[in-house]
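Reproduced below: query_31.txt, with compact mmCIF, C-alpha atoms.
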```txt
# COMPACT_ATOMS: atom_id res chain seq x y z
CA MET A 1 97.78 127.85 88.55
CA GLU A 2 95.44 129.23 91.24
CA ALA A 3 94.14 126.56 93.58
CA GLN A 4 90.47 125.61 93.30
CA ASN A 5 88.21 124.71 96.19
CA TRP A 6 86.85 121.52 94.70
CA LEU A 7 88.05 118.08 93.69
CA PRO A 8 89.27 117.12 90.21
CA PRO A 9 86.62 115.93 87.71
CA ARG A 10 85.03 112.52 88.11
CA PRO A 11 83.10 110.06 85.93
CA ARG A 12 79.36 110.69 85.75
CA MET A 13 78.55 107.39 87.40
CA SER A 14 77.16 106.55 90.81
CA ARG A 15 79.49 105.25 93.48
CA ALA A 16 77.86 101.84 93.11
CA VAL A 17 78.58 101.70 89.38
CA GLN A 18 82.18 102.89 89.84
CA THR A 19 82.68 100.26 92.54
CA ALA A 20 81.27 97.49 90.36
CA ILE A 21 83.57 98.44 87.47
CA TRP A 22 86.55 98.80 89.81
CA ALA A 23 86.00 95.32 91.19
CA ARG A 24 86.33 93.72 87.74
CA GLN A 25 88.05 96.20 85.40
CA ALA A 26 90.10 98.58 87.55
CA GLN A 27 92.74 99.29 84.93
CA TRP A 28 90.10 99.96 82.27
CA LEU A 29 88.40 102.50 84.57
CA LEU A 30 91.73 104.19 85.28
CA SER A 31 92.70 104.37 81.60
CA GLN A 32 89.31 105.65 80.44
CA SER A 33 89.23 108.30 83.15
CA ARG A 34 92.79 109.39 82.35
CA ARG A 35 91.87 109.68 78.68
CA ARG A 36 88.86 111.84 79.48
CA PHE A 37 90.02 113.95 82.41
CA GLY A 38 93.82 114.07 82.23
CA PRO A 39 96.43 113.11 84.85
CA MET A 40 94.32 114.05 87.89
CA PHE A 41 90.74 112.93 88.49
CA THR A 42 88.41 111.67 91.20
CA LEU A 43 86.86 108.24 91.75
CA GLU A 44 84.40 107.16 94.44
CA ILE A 45 84.60 103.56 95.65
CA ALA A 46 82.39 101.93 98.30
CA TYR A 47 83.86 102.04 101.82
CA GLU A 48 86.79 104.09 100.50
CA GLY A 49 85.29 107.55 100.09
CA LYS A 50 86.84 109.81 97.48
CA TRP A 51 90.09 108.95 95.71
CA VAL A 52 92.03 111.63 93.86
CA ILE A 53 94.00 109.68 91.25
CA VAL A 54 97.33 111.20 90.16
CA SER A 55 99.59 110.01 87.34
CA ASP A 56 101.90 112.97 86.70
CA PRO A 57 105.37 112.01 88.02
CA GLU A 58 105.81 115.44 89.62
CA LEU A 59 102.59 114.97 91.58
CA VAL A 60 103.60 111.39 92.44
CA LYS A 61 106.88 112.79 93.77
CA GLN A 62 105.03 115.29 95.95
CA VAL A 63 102.94 112.49 97.41
CA PHE A 64 105.83 110.09 98.02
CA THR A 65 108.09 112.76 99.53
CA GLY A 66 105.32 114.50 101.48
CA ASP A 67 105.05 114.58 105.26
CA PRO A 68 104.12 111.03 106.41
CA GLY A 69 102.05 112.69 109.11
CA VAL A 70 99.87 114.24 106.41
CA PHE A 71 99.95 111.45 103.81
CA HIS A 72 98.79 108.40 105.82
CA ALA A 73 99.54 105.20 103.91
CA GLY A 74 98.47 102.96 106.79
CA GLU A 75 95.09 104.66 107.03
CA GLY A 76 94.83 104.37 103.26
CA ASN A 77 95.34 100.60 103.60
CA ASP A 78 92.61 100.21 106.22
CA VAL A 79 90.91 97.57 104.09
CA LEU A 80 93.85 95.28 104.94
CA ARG A 81 93.51 95.64 108.72
CA PRO A 82 91.06 92.74 109.25
CA LEU A 83 93.23 90.57 107.00
CA LEU A 84 96.68 91.30 108.41
CA GLY A 85 96.08 92.56 111.95
CA GLU A 86 96.43 95.81 113.87
CA ASN A 87 100.25 95.64 114.00
CA SER A 88 100.88 95.07 110.30
CA LEU A 89 103.47 97.38 108.81
CA LEU A 90 101.02 98.13 106.00
CA VAL A 91 98.31 99.59 108.25
CA LEU A 92 100.48 101.63 110.64
CA ASP A 93 101.45 105.28 110.30
CA GLU A 94 104.03 107.70 111.69
CA ALA A 95 105.97 106.57 114.81
CA PRO A 96 104.39 103.08 115.12
CA HIS A 97 105.15 102.43 111.45
CA MET A 98 108.77 103.55 111.73
CA SER A 99 109.24 101.47 114.89
CA GLN A 100 108.02 98.29 113.17
CA ARG A 101 109.90 99.10 109.96
CA LYS A 102 113.20 99.36 111.86
CA LEU A 103 112.63 95.89 113.32
CA LEU A 104 111.81 94.41 109.91
CA LEU A 105 114.58 96.11 107.95
CA PRO A 106 117.61 93.97 108.98
CA PRO A 107 116.35 90.70 107.42
CA PHE A 108 115.97 92.45 104.05
CA HIS A 109 119.32 94.20 104.00
CA GLY A 110 122.86 93.50 102.88
CA LYS A 111 124.37 90.09 103.52
CA ARG A 112 121.10 88.70 104.86
CA MET A 113 119.78 88.87 101.30
CA GLU A 114 122.77 86.91 100.01
CA GLY A 115 121.98 84.20 102.51
CA TYR A 116 118.58 83.59 100.93
CA GLU A 117 119.95 82.90 97.44
CA ALA A 118 120.82 79.25 97.96
CA THR A 119 117.41 78.46 99.45
CA MET A 120 115.61 80.26 96.62
CA ARG A 121 117.65 78.43 93.97
CA GLU A 122 117.23 75.00 95.56
CA ILE A 123 113.44 75.39 95.75
CA ALA A 124 113.24 76.81 92.22
CA VAL A 125 115.25 73.97 90.68
CA ARG A 126 113.27 71.31 92.51
CA GLU A 127 109.96 72.82 91.42
CA ILE A 128 110.92 73.51 87.78
CA GLU A 129 112.33 70.02 87.28
CA SER A 130 109.01 68.52 88.44
CA TRP A 131 106.90 70.19 85.73
CA PRO A 132 105.54 67.97 82.94
CA THR A 133 106.71 68.11 79.34
CA GLY A 134 104.66 68.44 76.15
CA VAL A 135 101.23 69.16 77.66
CA PRO A 136 99.34 72.39 78.44
CA TYR A 137 100.38 73.48 81.91
CA ARG A 138 99.29 76.47 83.96
CA LEU A 139 102.28 78.04 85.63
CA ARG A 140 100.65 80.47 88.03
CA PRO A 141 99.53 77.81 90.56
CA ARG A 142 103.04 76.35 90.49
CA MET A 143 104.61 79.77 90.88
CA GLN A 144 102.38 80.20 93.92
CA ALA A 145 103.58 76.89 95.32
CA MET A 146 107.20 77.83 94.68
CA THR A 147 107.02 81.28 96.25
CA LEU A 148 105.11 79.84 99.22
CA GLU A 149 107.93 77.36 99.83
CA ILE A 150 110.48 80.18 99.60
CA ILE A 151 108.50 82.26 102.10
CA ILE A 152 108.13 79.35 104.50
CA GLU A 153 111.82 78.48 104.47
CA THR A 154 113.30 81.99 104.49
CA VAL A 155 110.71 83.78 106.60
CA PHE A 156 109.38 81.10 108.93
CA GLY A 157 112.51 78.98 108.93
CA VAL A 158 110.57 75.74 109.39
CA HIS A 159 111.78 72.61 107.63
CA GLY A 160 109.75 69.40 107.43
CA GLY A 161 107.33 67.91 109.91
CA ASP A 162 103.55 67.92 110.25
CA ARG A 163 103.39 71.53 111.36
CA LEU A 164 104.96 72.66 108.11
CA ASP A 165 102.36 70.69 106.14
CA ASP A 166 99.53 72.13 108.23
CA LEU A 167 100.87 75.66 107.91
CA ARG A 168 101.34 75.35 104.16
CA ALA A 169 97.79 74.07 103.69
CA ALA A 170 96.27 76.73 105.95
CA LEU A 171 98.16 79.53 104.23
CA ARG A 172 97.19 78.28 100.79
CA SER A 173 93.53 78.08 101.80
CA PHE A 174 93.66 81.58 103.27
CA LEU A 175 95.34 83.06 100.18
CA ASP A 176 92.98 81.27 97.81
CA LEU A 177 90.08 82.92 99.61
CA LEU A 178 91.71 86.37 99.46
CA THR A 179 92.38 86.11 95.72
CA ASN A 180 88.99 84.63 94.85
CA PRO A 181 87.00 87.21 92.82
CA ARG A 182 83.83 86.03 94.56
CA MET A 183 85.36 87.23 97.83
CA LEU A 184 84.55 90.77 96.68
CA VAL A 185 80.83 90.07 96.94
CA PRO A 186 80.71 89.64 100.75
CA MET A 187 83.40 92.31 101.15
CA LEU A 188 81.29 94.84 99.27
CA ALA A 189 78.09 93.65 100.93
CA ILE A 190 79.19 93.96 104.56
CA GLY A 191 82.30 96.15 104.28
CA PRO A 192 85.90 95.45 105.32
CA ASP A 193 85.29 96.37 108.97
CA ARG A 194 82.87 93.46 109.38
CA ILE A 195 84.53 90.91 107.13
CA ARG A 196 85.54 88.82 110.15
CA LEU A 197 81.83 88.08 110.58
CA TYR A 198 81.97 86.14 107.30
CA PRO A 199 82.40 82.49 108.46
CA PRO A 200 84.71 81.24 105.63
CA PHE A 201 87.05 84.17 106.27
CA ARG A 202 86.99 83.82 110.06
CA ARG A 203 87.73 80.08 109.97
CA ARG A 204 90.72 80.50 107.69
CA VAL A 205 92.27 83.51 109.41
CA ASP A 206 91.86 81.90 112.84
CA ARG A 207 93.50 78.67 111.64
CA VAL A 208 96.46 80.54 110.18
CA ALA A 209 96.83 82.52 113.41
CA GLU A 210 96.75 79.35 115.51
CA LEU A 211 99.54 77.73 113.49
CA ILE A 212 101.73 80.83 113.24
CA LEU A 213 101.47 81.52 116.96
CA ALA A 214 102.41 77.89 117.68
CA VAL A 215 105.54 78.28 115.54
CA VAL A 216 106.39 81.57 117.30
CA ALA A 217 105.99 79.96 120.75
CA GLY A 218 108.22 77.08 119.71
CA ARG A 219 110.86 79.45 118.37
CA ARG A 220 110.96 81.41 121.63
CA ARG A 221 111.91 78.14 123.36
CA ALA A 222 114.57 77.19 120.80
CA ALA A 223 117.98 76.64 122.31
CA ASP A 224 119.69 77.72 119.09
CA LEU A 225 117.72 80.97 118.62
CA ALA A 226 120.85 83.14 118.62
CA GLU A 227 122.43 81.06 115.83
CA ARG A 228 119.40 81.05 113.52
CA ASP A 229 119.19 83.54 110.65
CA ASP A 230 115.64 83.10 109.38
CA ILE A 231 113.34 86.12 109.57
CA LEU A 232 111.10 84.68 112.30
CA SER A 233 114.10 84.11 114.58
CA LEU A 234 115.38 87.63 113.94
CA LEU A 235 111.99 89.06 114.90
CA VAL A 236 111.77 86.91 118.05
CA ALA A 237 115.19 88.24 119.07
CA ALA A 238 114.40 91.86 118.11
CA HIS A 239 113.64 94.61 120.63
CA HIS A 240 111.87 97.95 120.40
CA GLU A 241 113.79 101.12 121.21
CA ASP A 242 112.51 100.96 124.80
CA GLY A 243 114.05 97.49 125.15
CA SER A 244 110.80 95.54 125.04
CA PRO A 245 110.60 92.48 122.76
CA MET A 246 108.06 92.13 119.98
CA SER A 247 104.89 90.48 121.22
CA ASP A 248 103.57 87.25 119.72
CA VAL A 249 100.70 89.18 118.13
CA GLU A 250 103.09 91.72 116.59
CA ILE A 251 105.22 88.94 115.13
CA HIS A 252 102.13 87.13 113.83
CA ASP A 253 100.87 90.26 112.07
CA GLU A 254 104.23 91.01 110.45
CA LEU A 255 104.78 87.41 109.32
CA LEU A 256 101.32 87.34 107.77
CA THR A 257 102.05 90.67 106.09
CA LEU A 258 105.29 89.37 104.60
CA LEU A 259 103.47 86.31 103.34
CA VAL A 260 100.49 88.06 101.76
CA ALA A 261 102.43 91.04 100.40
CA GLY A 262 105.44 89.07 99.20
CA HIS A 263 104.27 85.61 98.21
CA GLU A 264 101.18 86.16 96.07
CA THR A 265 102.51 89.27 94.33
CA THR A 266 105.82 87.65 93.35
CA ALA A 267 104.06 84.55 92.00
CA THR A 268 101.85 86.75 89.84
CA ALA A 269 104.78 88.86 88.61
CA LEU A 270 106.67 85.70 87.62
CA SER A 271 103.60 84.43 85.77
CA TRP A 272 103.36 87.67 83.83
CA ALA A 273 107.08 87.57 83.00
CA VAL A 274 106.68 84.13 81.40
CA GLU A 275 103.43 85.15 79.66
CA ARG A 276 105.16 88.15 78.07
CA LEU A 277 108.36 86.32 77.13
CA ILE A 278 106.69 83.43 75.31
CA ARG A 279 104.75 85.85 73.13
CA HIS A 280 108.00 87.57 72.20
CA PRO A 281 110.25 84.61 71.30
CA GLU A 282 113.10 86.88 70.23
CA LYS A 283 113.16 88.36 73.76
CA LEU A 284 113.06 84.89 75.29
CA ALA A 285 115.92 83.75 73.04
CA ARG A 286 118.04 86.75 73.99
CA LEU A 287 117.34 86.16 77.68
CA ARG A 288 118.35 82.50 77.38
CA GLU A 289 121.56 83.40 75.55
CA GLU A 290 122.59 85.95 78.15
CA VAL A 291 121.70 83.67 81.06
CA GLU A 292 123.78 80.88 79.53
CA ALA A 293 126.63 83.38 79.16
CA GLY A 294 126.37 84.22 82.85
CA GLU A 295 125.15 87.77 82.26
CA ASP A 296 122.39 89.48 84.24
CA ALA A 297 121.68 92.82 82.55
CA TYR A 298 118.93 91.60 80.23
CA LEU A 299 117.42 89.48 82.99
CA THR A 300 117.18 92.55 85.23
CA ALA A 301 115.69 94.58 82.39
CA THR A 302 113.14 91.84 81.71
CA ILE A 303 111.99 91.92 85.31
CA GLN A 304 111.79 95.71 85.27
CA GLU A 305 109.80 95.73 82.03
CA THR A 306 107.41 93.06 83.31
CA LEU A 307 106.73 95.08 86.45
CA ARG A 308 106.23 98.20 84.32
CA LEU A 309 103.85 96.69 81.79
CA ARG A 310 102.03 94.27 84.09
CA PRO A 311 102.19 95.69 87.63
CA VAL A 312 100.50 93.36 90.06
CA ILE A 313 98.88 96.26 91.95
CA SER A 314 97.43 99.26 90.08
CA ILE A 315 97.50 101.94 92.78
CA VAL A 316 98.89 103.02 96.13
CA ILE A 317 96.83 105.05 98.59
CA ARG A 318 97.59 107.94 100.95
CA ARG A 319 94.80 109.28 103.18
CA LEU A 320 95.12 113.00 103.97
CA THR A 321 95.06 114.00 107.65
CA GLU A 322 94.85 117.70 106.77
CA ALA A 323 94.01 119.84 103.77
CA ILE A 324 96.71 120.32 101.13
CA GLU A 325 97.18 121.97 97.75
CA LEU A 326 98.09 119.54 94.97
CA GLY A 327 98.05 120.04 91.23
CA GLY A 328 96.06 123.26 91.47
CA TYR A 329 93.37 121.83 93.75
CA ASP A 330 92.73 122.40 97.45
CA LEU A 331 92.14 118.86 98.70
CA PRO A 332 90.36 118.49 102.05
CA ALA A 333 91.39 116.24 104.92
CA GLY A 334 89.94 112.74 104.65
CA VAL A 335 90.35 112.49 100.89
CA ALA A 336 92.75 109.81 99.62
CA VAL A 337 95.49 110.83 97.18
CA VAL A 338 96.17 107.82 94.95
CA PRO A 339 99.25 107.56 92.71
CA SER A 340 98.36 105.15 89.89
CA ILE A 341 101.14 102.70 89.09
CA HIS A 342 99.23 101.53 86.03
CA LEU A 343 98.82 105.00 84.54
CA VAL A 344 102.37 106.20 85.23
CA HIS A 345 103.75 103.04 83.63
CA ARG A 346 101.54 103.48 80.53
CA ASP A 347 102.33 107.17 79.94
CA PRO A 348 103.69 107.50 76.36
CA ALA A 349 105.53 110.68 77.35
CA ILE A 350 107.62 108.57 79.74
CA TYR A 351 107.64 105.25 77.90
CA PRO A 352 107.33 105.47 74.09
CA GLU A 353 105.06 102.72 72.74
CA PRO A 354 103.99 101.92 76.30
CA GLU A 355 101.95 98.85 75.30
CA ARG A 356 105.00 97.10 73.85
CA PHE A 357 106.98 94.60 75.90
CA ARG A 358 110.51 95.89 75.35
CA PRO A 359 113.06 95.10 78.09
CA GLU A 360 115.66 96.99 76.05
CA ARG A 361 114.19 100.27 77.27
CA PHE A 362 115.74 99.62 80.68
CA LEU A 363 119.13 98.89 79.12
CA GLU A 364 118.92 102.31 77.50
CA ALA A 365 117.93 104.14 80.70
CA PRO A 366 117.50 102.95 84.29
CA PRO A 367 114.10 103.08 86.01
CA GLY A 368 113.16 106.51 87.34
CA THR A 369 112.34 106.96 91.02
CA TYR A 370 108.92 108.44 90.26
CA THR A 371 108.28 106.91 86.82
CA TRP A 372 108.82 103.23 87.74
CA ILE A 373 106.86 102.56 90.92
CA PRO A 374 105.74 98.92 91.14
CA PHE A 375 106.86 98.92 94.79
CA GLY A 376 105.49 102.34 95.67
CA GLY A 377 107.91 104.99 96.88
CA GLY A 378 109.21 107.23 99.63
CA VAL A 379 109.45 106.00 103.22
CA ARG A 380 106.65 103.54 102.46
CA ARG A 381 108.41 101.82 99.55
CA CYS A 382 107.92 98.06 99.78
CA LEU A 383 110.38 96.62 102.29
CA GLY A 384 110.63 93.38 100.29
CA ALA A 385 111.34 94.95 96.88
CA ALA A 386 114.91 93.63 96.70
CA PHE A 387 113.80 90.21 98.00
CA ALA A 388 111.09 89.96 95.32
CA GLN A 389 113.40 91.00 92.47
CA GLN A 390 116.12 88.60 93.63
CA GLU A 391 113.55 85.80 93.79
CA MET A 392 112.25 86.62 90.30
CA ALA A 393 115.78 86.67 88.90
CA ILE A 394 116.67 83.27 90.36
CA VAL A 395 113.44 81.60 89.21
CA LEU A 396 113.58 83.03 85.67
CA ARG A 397 117.27 82.20 85.32
CA GLU A 398 116.69 78.57 86.26
CA LEU A 399 113.55 78.29 84.15
CA VAL A 400 115.02 79.54 80.86
CA ALA A 401 118.24 77.59 81.41
CA ARG A 402 116.47 74.28 82.06
CA ARG A 403 113.29 74.26 79.97
CA THR A 404 111.93 75.40 76.62
CA ILE A 405 108.65 77.30 76.90
CA THR A 406 105.99 77.93 74.27
CA PRO A 407 102.42 79.29 74.52
CA THR A 408 99.39 77.04 74.14
CA ASP A 409 97.59 79.92 72.43
CA PRO A 410 99.31 82.67 70.43
CA ALA A 411 96.86 85.29 71.73
CA PRO A 412 98.10 87.26 74.74
CA GLU A 413 96.46 86.56 78.07
CA ARG A 414 94.30 89.40 79.28
CA ASN A 415 94.22 90.74 82.83
CA PHE A 416 92.00 88.97 85.32
CA ARG A 417 91.37 90.84 88.55
CA ARG A 418 91.63 88.78 91.74
CA ALA A 419 90.62 91.01 94.65
CA ILE A 420 93.30 93.73 94.35
CA THR A 421 95.81 91.93 92.11
CA GLU A 422 95.93 91.71 88.30
CA THR A 423 96.73 88.18 87.07
CA PRO A 424 96.95 86.42 83.67
CA ARG A 425 93.45 85.26 82.75
CA ARG A 426 94.57 81.71 81.82
CA ASN A 427 97.13 81.52 84.63
CA ALA A 428 100.13 81.69 82.24
CA GLU A 429 99.37 78.49 80.35
CA VAL A 430 102.39 77.07 78.52
CA VAL A 431 103.88 73.94 77.01
CA LEU A 432 107.26 73.02 78.45
CA GLY A 433 110.01 71.09 76.78
```

Translate this file's structure into structure tokens.
Amino acid sequence: MEAQNWLPPRPRMSRAVQTAIWARQAQWLLSQSRRRFGPMFTLEIAYEGKWVIVSDPELVKQVFTGDPGVFHAGEGNDVLRPLLGENSLLVLDEAPHMSQRKLLLPPFHGKRMEGYEATMREIAVREIESWPTGVPYRLRPRMQAMTLEIIIETVFGVHGGDRLDDLRAALRSFLDLLTNPRMLVPMLAIGPDRIRLYPPFRRRVDRVAELILAVVAGRRRAADLAERDDILSLLVAAHHEDGSPMSDVEIHDELLTLLVAGHETTATALSWAVERLIRHPEKLARLREEVEAGEDAYLTATIQETLRLRPVISIVIRRLTEAIELGGYDLPAGVAVVPSIHLVHRDPAIYPEPERFRPERFLEAPPGTYTWIPFGGGVRRCLGAAFAQQEMAIVLRELVARRTITPTDPAPERNFRRAITETPRRNAEVVLG
């Protein structure tokens, strides 16, 4: 197909209208646009410019395997910069990104991952055993509490004491603000570049920074630093290729990134897994049977199917630094190319009966590199993907082995958009036995 010198088609709505719909019903806007325009179309969102949405796996592959110097993921994530800091892995590109990624990779690799299992299981068992029996109970807030504890113990490596209580409270307050739908109002009103001017945001982010930097300073003075294996200690001991250590600000930004990217998303994914299982009791029964038999295949497939059908994030963004040809269009520099996780995962040509929750599909065929993308792909694939899936497996295994779970309402829970994440509208409300 001969390349065209214009962008793919777009909805006949103003940028303001598209932005308003995106803020509340992002997946609806994606699905409706895909139905009307096909696998490649344009959206315009306030403070983001033009997005070229792609959902064809071949185009997704071109984006994920393209030159990182051309496809800037960090620049595409600029909205996160005032939240996570200038040194966050998510907002860096090219050499600075690779430098930080190399420092963060060891804690999420090989035997280090095995070392986190006992901590994850201990926290999961303690939390699950504390849940009440026989009354309506919303699991998402408790999943948040559980994954926050796991992050604190494995990433920060702090155990007990007032500072832990202060840090937990400050982090929870910060994350509650970020996932509050009303947070979009000031964000859209003043823009992400000036969000630090918003007093509730500034107070919370400054408090979190104060506590994290205090923990970092204390860890630098620790006599047993070389013997510790938590992620904070590994970062304090890490050095750049030129031999220089990571600065306190670098460590702060990466710790906050791990928390925001790994804690909230995993809690939401776990909530969706339970929400789907209890509305398919035959799937829940099979999972329980296989867990009790010590088998993991169906558990893994359940996690994969949950992340396919209910991805926590709907898109990933790459900002173009130079013009490219993609899908028959000449795209100019400055445009964002946006693979849609939601649309790829709902493509009936890839996943027959895509709306059905059917873990068996991943027993029949493993996830494809460019057709199952809840963690993105290429050199920017989520560093904590294995950590998140291990955490989900441990929590679900302990939950189905220890408790019975039934829905309070037979109707499925619809999506509820919280900032950029898609959560169960009733917070995965269940009755436990």

Legend entry - Residue nearest Ser99 in chain A - candidates A:Arg168, A:Arg361, A:His240, A:Arg346, atoms counted: all atoms listed in the file: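 Nearest candidate to Ser99 in chain A out of A:Arg168, A:Arg361, A:His240, A:Arg346: A:His240.
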
Inset, instruction - Write out as an MDAnalysis selection string each polymer residue whose atoms come within 9 Å of range 20-29 of chain A, counting all atoms listed in the file; drop sequence neighbours fewer than 5 positions from it. - result: chainID A and resid 15 34 45 181 184 314 342:343 415:420 422

Inset, instruction - Would you mind reading off the distance between CA of Asn180 in chain A and CA of Phe201 in chain A, one decimal, in Å? - result: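 Between CA of Asn180 in chain A and CA of Phe201 in chain A the gap is 11.6 Å.
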
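Proximity of A:Tyr137, A:Tyr329, A:Phe362, A:Tyr351 to Ile303 in chain A, computed with only C-alpha atoms, is greatest for A:Phe362.
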
Inset, instruction - Tell me which protein, DNA and RNA residues are within 12 Å of Val291 in chain A, counting all atoms listed in the file, leaving out same-chain ones fewer than 6 positions away, and put them as number ranges by chain. - result: A: 284-285, 297-300, 302, 393-402

Legend entry - Of the listed residues A:Gln304, A:Thr19, A:Asn77, A:Ser14, that which approaches Gln389 in chain A most closely, counting only C-alpha atoms: A:Gln304

Inset, instruction - May I ask for the distance between CA of Val91 in chain A and CA of Ile313 in chain A, given in Å to one decimal place? - result: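 Separating CA of Val91 in chain A from CA of Ile313 in chain A is a distance of 16.6 Å.
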